[in-house]
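Listing of entry_30.txt; format and content: compact mmCIF, C-alpha atoms and all ligand atoms.
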```
# COMPACT_ATOMS: atom_id res chain seq x y z
CA MET P 1 0.00 0.00 0.00
CA GLN P 2 2.93 2.33 0.61
CA LYS P 3 3.63 2.36 -3.12
CA LEU P 4 0.25 3.95 -3.85
CA GLU P 5 0.15 7.68 -4.30
CA TYR P 6 -2.95 9.59 -5.30
CA PRO P 7 -1.81 13.09 -6.23
CA ILE P 8 -5.34 14.46 -6.45
CA ARG P 9 -6.17 13.98 -2.77
CA LYS P 10 -2.73 13.91 -1.14
CA TYR P 11 -2.92 17.47 0.23
CA THR P 12 -6.60 17.55 1.21
CA ALA P 13 -5.80 17.02 4.91
CA LEU P 14 -3.44 19.99 4.87
CA ALA P 15 -6.12 22.08 3.13
CA ARG P 16 -8.60 21.19 5.88
CA GLN P 17 -6.11 22.19 8.57
CA LEU P 18 -5.76 25.57 6.89
CA GLU P 19 -9.54 25.94 6.82
CA GLU P 20 -9.77 25.07 10.50
CA ARG P 21 -7.44 28.01 11.09
CA GLY P 22 -9.93 30.25 9.31
CA GLU P 23 -8.31 30.39 5.85
CA ARG P 24 -10.46 30.25 2.71
CA VAL P 25 -9.12 27.51 0.46
CA ILE P 26 -10.09 27.33 -3.23
CA TYR P 27 -10.27 23.69 -4.25
CA LEU P 28 -9.28 23.01 -7.86
CA ASN P 29 -8.08 19.47 -7.26
CA ILE P 30 -11.04 17.09 -7.56
CA GLY P 31 -13.03 16.54 -10.75
CA ASP P 32 -16.41 16.77 -9.09
CA PRO P 33 -18.94 19.19 -10.63
CA LEU P 34 -21.15 18.78 -7.55
CA LYS P 35 -18.56 20.62 -5.45
CA TYR P 36 -19.35 23.70 -7.52
CA ASP P 37 -22.62 25.09 -8.91
CA PHE P 38 -23.77 21.92 -10.71
CA SER P 39 -26.40 19.64 -9.22
CA THR P 40 -27.89 16.22 -9.83
CA PRO P 41 -31.05 16.35 -12.01
CA ARG P 42 -34.04 16.45 -9.66
CA GLU P 43 -35.85 13.83 -11.72
CA LEU P 44 -33.03 11.38 -11.09
CA ILE P 45 -33.14 11.98 -7.34
CA GLU P 46 -36.91 11.38 -7.42
CA GLU P 47 -36.36 8.11 -9.27
CA ALA P 48 -33.91 7.04 -6.54
CA TYR P 49 -36.40 7.87 -3.79
CA ARG P 50 -39.16 6.04 -5.64
CA ALA P 51 -36.92 2.99 -6.15
CA MET P 52 -36.23 2.83 -2.41
CA LEU P 53 -39.91 3.22 -1.50
CA GLU P 54 -40.77 0.48 -3.98
CA GLY P 55 -38.46 -1.82 -2.05
CA HIS P 56 -35.41 -2.05 -4.32
CA ASN P 57 -33.13 -2.14 -1.31
CA TYR P 58 -31.80 -5.68 -1.64
CA TYR P 59 -28.43 -6.89 -2.98
CA ALA P 60 -28.45 -6.84 -6.77
CA SER P 61 -26.73 -9.53 -8.83
CA SER P 62 -22.96 -9.02 -9.08
CA ASP P 63 -23.06 -8.28 -12.81
CA GLY P 64 -25.67 -5.54 -12.27
CA LEU P 65 -29.44 -5.33 -12.64
CA ARG P 66 -30.69 -6.54 -15.99
CA GLU P 67 -32.73 -3.36 -16.57
CA LEU P 68 -29.63 -1.20 -16.04
CA ARG P 69 -27.50 -3.32 -18.38
CA GLU P 70 -30.27 -2.98 -20.97
CA ALA P 71 -30.36 0.79 -20.49
CA ILE P 72 -26.56 0.96 -20.82
CA ALA P 73 -26.73 -0.92 -24.13
CA VAL P 74 -29.28 1.63 -25.38
CA LYS P 75 -27.26 4.57 -24.04
CA GLU P 76 -24.06 3.36 -25.71
CA LYS P 77 -25.92 2.94 -29.00
CA VAL P 78 -27.60 6.36 -28.88
CA TRP P 79 -24.69 8.38 -27.48
CA ASN P 80 -21.71 6.64 -29.05
CA GLY P 81 -22.91 4.35 -31.84
CA VAL P 82 -21.59 1.32 -29.97
CA ASN P 83 -23.43 -1.98 -30.46
CA ILE P 84 -23.37 -4.10 -27.34
CA ARG P 85 -25.76 -6.57 -25.73
CA PRO P 86 -26.84 -6.26 -22.10
CA SER P 87 -24.90 -9.48 -21.45
CA ASP P 88 -21.69 -7.72 -22.57
CA VAL P 89 -22.01 -5.24 -19.69
CA LEU P 90 -20.91 -5.45 -16.06
CA VAL P 91 -22.09 -2.77 -13.63
CA THR P 92 -19.45 -1.52 -11.20
CA SER P 93 -19.18 0.86 -8.26
CA GLY P 94 -17.79 3.61 -10.45
CA VAL P 95 -15.20 3.29 -13.18
CA SER P 96 -12.71 3.18 -10.30
CA GLU P 97 -13.90 -0.28 -9.34
CA ALA P 98 -13.97 -1.37 -12.98
CA ILE P 99 -10.28 -0.42 -13.31
CA ASN P 100 -9.41 -2.33 -10.16
CA ALA P 101 -11.36 -5.42 -11.30
CA LEU P 102 -9.85 -5.31 -14.77
CA PHE P 103 -6.29 -5.14 -13.51
CA ALA P 104 -7.06 -7.95 -11.04
CA ALA P 105 -8.38 -10.07 -13.90
CA LEU P 106 -5.80 -9.25 -16.56
CA VAL P 107 -2.38 -8.72 -15.06
CA ASP P 108 0.05 -10.85 -13.15
CA GLU P 109 3.28 -9.76 -11.52
CA GLY P 110 5.74 -8.74 -14.25
CA ASP P 111 3.17 -8.23 -17.01
CA GLU P 112 3.26 -4.96 -18.88
CA VAL P 113 0.54 -2.38 -19.39
CA LEU P 114 0.77 0.42 -21.92
CA LEU P 115 -0.40 3.67 -20.37
CA PRO P 116 -0.67 7.17 -21.81
CA ASP P 117 1.85 9.62 -20.44
CA PRO P 118 0.39 11.48 -18.60
CA SER P 119 -2.30 9.14 -17.23
CA TYR P 120 -5.22 9.27 -14.84
CA PRO P 121 -3.45 8.16 -11.61
CA LEU P 122 -5.65 5.14 -10.89
CA TYR P 123 -4.07 3.32 -13.85
CA ILE P 124 -0.66 3.95 -12.32
CA ASN P 125 -1.88 2.92 -8.86
CA PHE P 126 -3.40 -0.38 -9.93
CA SER P 127 -0.41 -1.25 -12.12
CA ASP P 128 1.74 -0.86 -9.02
CA PHE P 129 -0.73 -2.64 -6.78
CA TYR P 130 -0.91 -5.74 -8.99
CA GLY P 131 2.83 -5.74 -9.74
CA ALA P 132 2.53 -4.84 -13.44
CA ARG P 133 5.28 -2.95 -15.19
CA LYS P 134 4.05 0.45 -16.36
CA VAL P 135 5.14 1.20 -19.90
CA PHE P 136 4.23 4.78 -20.75
CA TYR P 137 3.58 5.75 -24.35
CA ALA P 138 4.10 9.31 -25.51
CA ALA P 139 1.35 11.85 -26.09
CA ARG P 140 3.08 15.08 -27.00
CA GLU P 141 2.04 18.37 -25.52
CA GLU P 142 2.87 20.36 -28.67
CA GLU P 143 0.61 18.02 -30.65
CA GLY P 144 -2.40 18.44 -28.39
CA TRP P 145 -1.45 15.53 -26.11
CA VAL P 146 -2.64 13.05 -28.74
CA PRO P 147 -1.09 9.54 -28.49
CA ASP P 148 1.98 8.77 -30.57
CA VAL P 149 0.97 5.50 -32.24
CA ASP P 150 4.54 4.74 -33.40
CA ASP P 151 5.62 4.87 -29.79
CA ILE P 152 2.86 2.40 -28.87
CA ARG P 153 4.04 0.07 -31.61
CA LYS P 154 7.63 0.32 -30.42
CA LYS P 155 6.73 -0.45 -26.84
CA ILE P 156 4.42 -3.45 -27.33
CA SER P 157 6.00 -6.69 -26.13
CA PRO P 158 4.86 -10.29 -25.65
CA ARG P 159 4.08 -9.36 -22.03
CA THR P 160 1.77 -6.46 -22.89
CA LYS P 161 -1.64 -7.23 -21.39
CA MET P 162 -3.51 -4.07 -22.36
CA ILE P 163 -3.26 -0.72 -24.07
CA VAL P 164 -5.08 1.90 -22.05
CA VAL P 165 -6.62 4.88 -23.79
CA ASN P 166 -8.62 7.60 -22.11
CA ASN P 167 -10.65 9.86 -24.32
CA PRO P 168 -11.52 12.69 -23.59
CA HIS P 169 -8.40 12.66 -21.52
CA ASN P 170 -7.75 13.34 -17.87
CA PRO P 171 -5.53 15.32 -17.04
CA THR P 172 -4.90 17.07 -20.38
CA GLY P 173 -8.41 17.52 -21.83
CA ALA P 174 -7.25 16.04 -25.15
CA VAL P 175 -9.89 14.64 -27.51
CA TYR P 176 -8.42 12.00 -29.79
CA PRO P 177 -9.05 12.15 -33.55
CA ALA P 178 -10.83 9.07 -34.92
CA LYS P 179 -7.83 8.39 -37.17
CA VAL P 180 -5.50 8.02 -34.19
CA ILE P 181 -7.90 5.70 -32.37
CA LYS P 182 -8.21 3.59 -35.51
CA GLU P 183 -4.41 3.34 -35.78
CA ILE P 184 -4.18 2.24 -32.15
CA LEU P 185 -6.86 -0.39 -32.82
CA ASP P 186 -4.90 -1.66 -35.84
CA VAL P 187 -1.70 -2.06 -33.82
CA ALA P 188 -3.68 -3.76 -31.03
CA ALA P 189 -5.28 -6.21 -33.48
CA GLU P 190 -1.92 -7.00 -35.06
CA TYR P 191 -0.39 -7.88 -31.69
CA LYS P 192 -3.62 -9.29 -30.23
CA VAL P 193 -3.67 -6.95 -27.26
CA PRO P 194 -6.94 -5.70 -25.71
CA VAL P 195 -7.62 -1.97 -25.79
CA VAL P 196 -9.08 -0.58 -22.59
CA SER P 197 -10.92 2.64 -23.40
CA ASP P 198 -11.97 4.92 -20.54
CA GLU P 199 -14.66 7.23 -21.90
CA ILE P 200 -16.12 8.63 -18.71
CA TYR P 201 -16.10 12.17 -20.21
CA ASP P 202 -17.68 11.10 -23.54
CA ALA P 203 -20.45 13.70 -23.65
CA LEU P 204 -18.22 16.44 -22.24
CA THR P 205 -16.48 17.28 -25.50
CA PHE P 206 -16.34 20.96 -26.42
CA GLU P 207 -14.02 21.01 -29.42
CA GLY P 208 -13.25 18.31 -31.94
CA GLU P 209 -15.43 15.24 -32.27
CA PHE P 210 -15.51 12.45 -29.73
CA LYS P 211 -15.49 8.98 -31.26
CA SER P 212 -15.85 5.90 -29.10
CA THR P 213 -13.10 3.29 -29.52
CA ALA P 214 -15.64 0.46 -29.66
CA ALA P 215 -17.45 2.19 -32.53
CA LEU P 216 -14.25 2.08 -34.61
CA ALA P 217 -13.09 -1.43 -33.71
CA SER P 218 -12.74 -4.23 -36.26
CA LYS P 219 -13.88 -7.79 -35.64
CA ASP P 220 -10.33 -8.73 -34.61
CA ASN P 221 -10.15 -6.22 -31.80
CA VAL P 222 -10.84 -6.85 -28.16
CA VAL P 223 -12.15 -3.62 -26.66
CA ILE P 224 -13.04 -3.14 -23.03
CA GLY P 225 -15.03 0.05 -22.71
CA LEU P 226 -15.16 1.80 -19.35
CA ASN P 227 -17.76 4.40 -18.67
CA GLY P 228 -20.03 5.64 -15.94
CA PHE P 229 -22.53 8.12 -14.66
CA SER P 230 -20.46 10.20 -12.22
CA LYS P 231 -19.57 13.04 -14.55
CA THR P 232 -22.26 13.20 -17.24
CA PHE P 233 -25.23 12.45 -14.95
CA LEU P 234 -23.79 14.55 -12.11
CA VAL P 235 -23.88 11.72 -9.56
CA THR P 236 -20.24 11.37 -8.49
CA GLY P 237 -21.25 10.16 -5.03
CA TRP P 238 -23.58 7.44 -6.29
CA ARG P 239 -20.58 5.38 -7.35
CA LEU P 240 -21.97 3.75 -10.47
CA GLY P 241 -20.11 2.85 -13.63
CA TYR P 242 -19.72 -0.03 -16.02
CA ALA P 243 -17.40 -2.04 -18.20
CA TYR P 244 -18.40 -3.60 -21.50
CA PHE P 245 -16.60 -6.20 -23.54
CA LEU P 246 -16.48 -6.37 -27.30
CA GLY P 247 -14.61 -8.83 -29.51
CA PRO P 248 -14.26 -12.52 -30.37
CA GLU P 249 -16.50 -14.44 -27.96
CA GLU P 250 -13.91 -16.87 -26.58
CA GLU P 251 -11.50 -14.08 -25.68
CA ILE P 252 -13.96 -11.70 -24.09
CA SER P 253 -15.80 -14.39 -22.15
CA GLN P 254 -12.60 -15.28 -20.35
CA ILE P 255 -11.78 -11.69 -19.41
CA LYS P 256 -15.36 -11.02 -18.42
CA ALA P 257 -15.46 -14.11 -16.20
CA GLY P 258 -12.32 -12.89 -14.40
CA VAL P 259 -13.80 -9.44 -13.84
CA LEU P 260 -17.10 -10.94 -12.66
CA ASN P 261 -15.24 -13.17 -10.20
CA PHE P 262 -13.75 -10.06 -8.69
CA LEU P 263 -17.14 -8.32 -8.62
CA MET P 264 -18.76 -11.25 -6.81
CA THR P 265 -16.51 -10.61 -3.80
CA ARG P 266 -18.13 -7.20 -3.29
CA LEU P 267 -21.63 -8.67 -3.77
CA SER P 268 -23.25 -5.86 -5.75
CA ALA P 269 -23.26 -2.22 -6.75
CA VAL P 270 -25.84 -0.08 -4.94
CA THR P 271 -29.26 -1.37 -5.98
CA PRO P 272 -31.83 1.48 -5.75
CA LEU P 273 -29.50 3.79 -7.64
CA GLN P 274 -29.14 1.19 -10.38
CA VAL P 275 -32.94 1.15 -10.67
CA ALA P 276 -33.07 4.96 -10.80
CA ILE P 277 -30.39 5.24 -13.47
CA ALA P 278 -31.96 2.43 -15.52
CA ARG P 279 -35.21 4.43 -15.66
CA PHE P 280 -33.43 7.68 -16.49
CA ALA P 281 -30.54 6.71 -18.76
CA THR P 282 -32.45 6.03 -21.93
CA ARG P 283 -34.25 9.40 -21.94
CA ARG P 284 -32.85 12.38 -23.76
CA PRO P 285 -30.36 14.01 -21.40
CA ASP P 286 -31.79 17.54 -21.80
CA PHE P 287 -29.98 18.80 -18.72
CA LEU P 288 -26.62 18.17 -20.40
CA GLU P 289 -26.89 21.11 -22.80
CA GLU P 290 -26.91 23.68 -20.02
CA VAL P 291 -24.19 21.81 -18.12
CA LYS P 292 -21.99 21.82 -21.21
CA ARG P 293 -22.64 25.49 -21.90
CA LYS P 294 -21.48 26.45 -18.41
CA MET P 295 -18.45 24.20 -18.55
CA ASP P 296 -17.45 25.45 -21.99
CA GLU P 297 -17.62 29.08 -20.90
CA ARG P 298 -15.28 28.26 -17.98
CA ARG P 299 -13.00 26.22 -20.23
CA ARG P 300 -12.56 29.16 -22.61
CA PHE P 301 -11.93 31.56 -19.77
CA ALA P 302 -9.39 29.26 -18.07
CA SER P 303 -7.56 28.49 -21.33
CA LYS P 304 -7.08 32.19 -22.06
CA ARG P 305 -6.30 33.32 -18.53
CA LEU P 306 -3.79 30.54 -17.80
CA ASN P 307 -1.71 31.55 -20.81
CA GLU P 308 -1.60 35.12 -19.52
CA ILE P 309 -0.08 34.13 -16.19
CA GLU P 310 3.62 34.80 -16.12
CA GLY P 311 5.43 31.55 -15.34
CA LEU P 312 2.68 29.28 -16.75
CA SER P 313 1.89 28.20 -20.29
CA LEU P 314 -0.86 26.16 -21.86
CA PRO P 315 0.26 25.33 -25.40
CA SER P 316 -2.56 22.81 -25.87
CA ALA P 317 -5.86 24.08 -24.55
CA PRO P 318 -8.27 21.42 -23.26
CA LYS P 319 -11.00 20.29 -25.65
CA GLY P 320 -12.93 17.90 -23.44
CA ALA P 321 -13.42 16.77 -19.80
CA PHE P 322 -12.93 19.65 -17.31
CA TYR P 323 -9.24 19.91 -16.57
CA ALA P 324 -6.38 22.13 -17.69
CA PHE P 325 -2.80 20.92 -17.46
CA PRO P 326 -0.56 24.00 -17.71
CA ARG P 327 3.21 23.82 -17.75
CA LEU P 328 5.30 25.59 -15.13
CA GLU P 329 7.84 27.82 -16.85
CA LEU P 330 9.72 28.15 -13.59
CA GLN P 331 12.66 26.44 -11.92
CA VAL P 332 10.49 24.66 -9.38
CA ASP P 333 9.47 21.08 -8.68
CA ASP P 334 5.76 20.64 -9.49
CA GLU P 335 4.87 19.00 -6.17
CA GLU P 336 6.71 21.73 -4.29
CA PHE P 337 4.84 24.33 -6.36
CA ALA P 338 1.48 22.73 -5.54
CA ARG P 339 2.35 22.55 -1.84
CA ARG P 340 3.47 26.17 -1.73
CA LEU P 341 0.39 27.25 -3.68
CA LEU P 342 -1.75 25.67 -0.97
CA VAL P 343 0.22 26.93 2.01
CA GLU P 344 0.95 30.43 0.73
CA GLU P 345 -2.04 31.21 -1.48
CA LYS P 346 -4.67 28.70 -0.33
CA VAL P 347 -5.35 27.17 -3.73
CA LEU P 348 -5.34 23.38 -3.99
CA VAL P 349 -4.36 21.80 -7.33
CA ALA P 350 -2.92 18.39 -8.24
CA TYR P 351 0.81 18.20 -9.05
CA GLY P 352 1.64 16.91 -12.52
CA SER P 353 4.36 14.37 -11.76
CA GLY P 354 1.71 12.23 -10.02
CA PHE P 355 0.21 11.61 -13.48
CA GLY P 356 3.34 10.05 -14.99
CA PRO P 357 6.79 11.20 -16.18
CA ALA P 358 5.39 13.61 -18.82
CA GLY P 359 3.37 15.32 -16.10
CA THR P 360 6.57 16.54 -14.46
CA GLY P 361 6.69 20.33 -14.45
CA HIS P 362 2.90 20.68 -14.77
CA ILE P 363 -0.09 21.16 -12.52
CA ARG P 364 -3.63 19.96 -13.08
CA LEU P 365 -6.52 22.13 -12.20
CA VAL P 366 -10.25 21.74 -12.48
CA TYR P 367 -11.93 24.66 -14.27
CA LEU P 368 -15.41 23.95 -12.90
CA PRO P 369 -15.92 26.86 -10.45
CA PRO P 370 -17.85 29.96 -11.54
CA ILE P 371 -15.73 32.51 -13.40
CA ASP P 372 -15.34 34.97 -10.49
CA GLU P 373 -14.05 32.14 -8.29
CA LEU P 374 -11.71 30.96 -11.06
CA GLU P 375 -10.44 34.52 -11.47
CA GLU P 376 -9.72 34.71 -7.74
CA ALA P 377 -7.80 31.40 -7.95
CA PHE P 378 -5.80 32.59 -10.98
CA THR P 379 -4.94 35.86 -9.24
CA ARG P 380 -3.61 33.88 -6.30
CA ILE P 381 -1.65 31.54 -8.60
CA GLU P 382 -0.17 34.55 -10.36
CA ARG P 383 0.95 36.04 -7.04
CA LEU P 384 2.99 32.90 -6.38
CA THR P 385 4.45 32.61 -9.89
CA LYS P 386 5.52 36.28 -9.73
CA ARG P 387 7.22 35.74 -6.38
CA LEU P 388 8.97 32.65 -7.74
CA LYS P 389 10.09 34.52 -10.85
CA ALA P 390 11.49 37.34 -8.76
CA SER P 391 13.42 35.06 -6.43
C1 LIG K 401 -10.43 9.14 -16.52
C2 LIG K 401 -11.19 8.75 -15.30
N1 LIG K 401 -11.55 7.47 -15.13
C3 LIG K 401 -12.23 7.08 -14.05
C4 LIG K 401 -12.59 7.96 -13.06
C5 LIG K 401 -13.33 7.45 -11.87
O1 LIG K 401 -14.68 7.73 -11.96
P1 LIG K 401 -15.82 7.01 -11.12
O2 LIG K 401 -15.18 6.01 -10.24
O3 LIG K 401 -16.51 8.10 -10.36
O4 LIG K 401 -16.72 6.39 -12.13
C6 LIG K 401 -12.25 9.31 -13.20
C7 LIG K 401 -12.58 10.27 -12.14
O5 LIG K 401 -12.13 11.38 -12.09
C8 LIG K 401 -11.53 9.71 -14.35
O6 LIG K 401 -11.15 10.97 -14.53
```
Will you turn the file into structure tokens for me?
Amino acid sequence: MQKLEYPIRKYTALARQLEERGERVIYLNIGDPLKYDFSTPRELIEEAYRAMLEGHNYYASSDGLRELREAIAVKEKVWNGVNIRPSDVLVTSGVSEAINALFAALVDEGDEVLLPDPSYPLYINFSDFYGARKVFYAAREEEGWVPDVDDIRKKISPRTKMIVVNNPHNPTGAVYPAKVIKEILDVAAEYKVPVVSDEIYDALTFEGEFKSTAALASKDNVVIGLNGFSKTFLVTGWRLGYAYFLGPEEEISQIKAGVLNFLMTRLSAVTPLQVAIARFATRRPDFLEEVKRKMDERRRFASKRLNEIEGLSLPSAPKGAFYAFPRLELQVDDEEFARRLLVEEKVLVAYGSGFGPAGTGHIRLVYLPPIDELEEAFTRIERLTKRLKAS
């Protein structure tokens, strides 16, 4: 456990101590819209209440309620053009649990996993936890943080158990062109390696076009899609997500059985909320338009303002998700910068090196707060960068 490091929450305890002393901390570390002025659709909350009153308070089956798996198949078809059957889906307690289960099922000590550099930290954590060797593939900042497919090809080995892609991408906000995804799928098919595609921000694309990996796969590909409700349905605390499996039957049934074995040990995901989401997920998500409009306005503001701050640069503005990953143009370690930013200016961000080697010299911040709050945070950040420049 000592090997695990979660850069997004590491300094929360220190932030709380500062608050207890009467300081006002601006939190830009956790990707949770509900911490700002976004709220769960009322209709969804009413469905949850109704499901509980109707008595859906028992353990569900470990693979997830049938009606939710059916709704997920419809949602994937309508949102992403992905054709899956309810039996291809496993419901999990958030994508977080799906990642854990997948690593448990797929990797043994010494196996290799290909991860984007930078990566969402949970992929790094579970590689370490299950003893896999992390092999980072390049995604260059100057090229919009889009994966370098030649680098993937170079780094595949007989021990590679999966290629992880995450689109739209956390922490950079990159949205991958369909052509690049297709090239990754071709390499994966050639070497018979499953592609794990984390698409939790699918509907939160503001520039460019999001294309689901599974929608581009050929019949030779094995694709494990990871997705969930936390971000797009504004229910981060409900802890519901899913994995789906696409590809030749004999290969996917084995992986799926391994994942399901893991899921049986935690009995089930939370039942009444599965019922509520099943009833809600197939309707047109009207609420998303307004959510996206607000997020996009903040994304544009943050992208412009961050580039104006002396000592920071943002050569590739985010196109999707809700993070910016600016580079520190200062002689300072990124973790030290993040710590000082909290202690001296009371702004909490995540330090970039926790997201992989290419994250070194960067910070990740969430641009979800209202613009006046963001402006206050950027003013505070600028005060620190100016002091550092002067020293
Ligand atoms: C890329 C990515 N995957 C997975 C998760 C985990 O989401 P959840 O467990 O809430 O479904 C997050 C959360 O920030 C994320 O950014």
Kindly indicate which residue among P:Ala338, P:Ile26, P:Leu267, P:Ile309 lies nearest to Pro370 in chain P, using only C-alpha atoms for the distances.
P:Ile26
Contact residues around Leu102 in chain P with only C-alpha atoms at 9 Å, ignoring same-chain residues under 3 positions, as a list of chain:residue names:
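Everything that qualifies: P:Glu97, P:Ala98, P:Ile99, P:Ala105, P:Leu106, P:Val107, P:Ala243, P:Ile255, P:Lys256, P:Gly258, P:Val259, P:Phe262.
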Axis-aligned box for all listed atoms of ligand LIG 401 (chain K), 5 Å per side, centre and edges in Å to one decimal, as lines of an AutoDock Vina configuration file:
```
center_x = -13.6
center_y = 8.7
center_z = -13.4
size_x = 16.3
size_y = 15.4
size_z = 16.3
```
Please report the interatomic distance between CA of Lys386 in chain P and CA of Pro315 in chain P in Å with one decimal.
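Distance reported for this atom pair: 19.8 Å.
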I want to know what sits within 10 Å of Glu382 in chain P, based on all atoms listed in the file, with residues of the same chain fewer than 4 positions away left out; could you give that as a list in words?
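That gives Leu306, Glu308, Ile309, Glu310, Gly311, Leu312, Leu341, Glu345, Glu376, Ala377, Phe378, Lys386, Arg387 and Leu388 of chain P.
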Taking only C-alpha atoms into account, which of P:Lys192, P:Lys182, P:Lys10, P:Arg69 comes nearest Ala217 in chain P?
P:Lys182
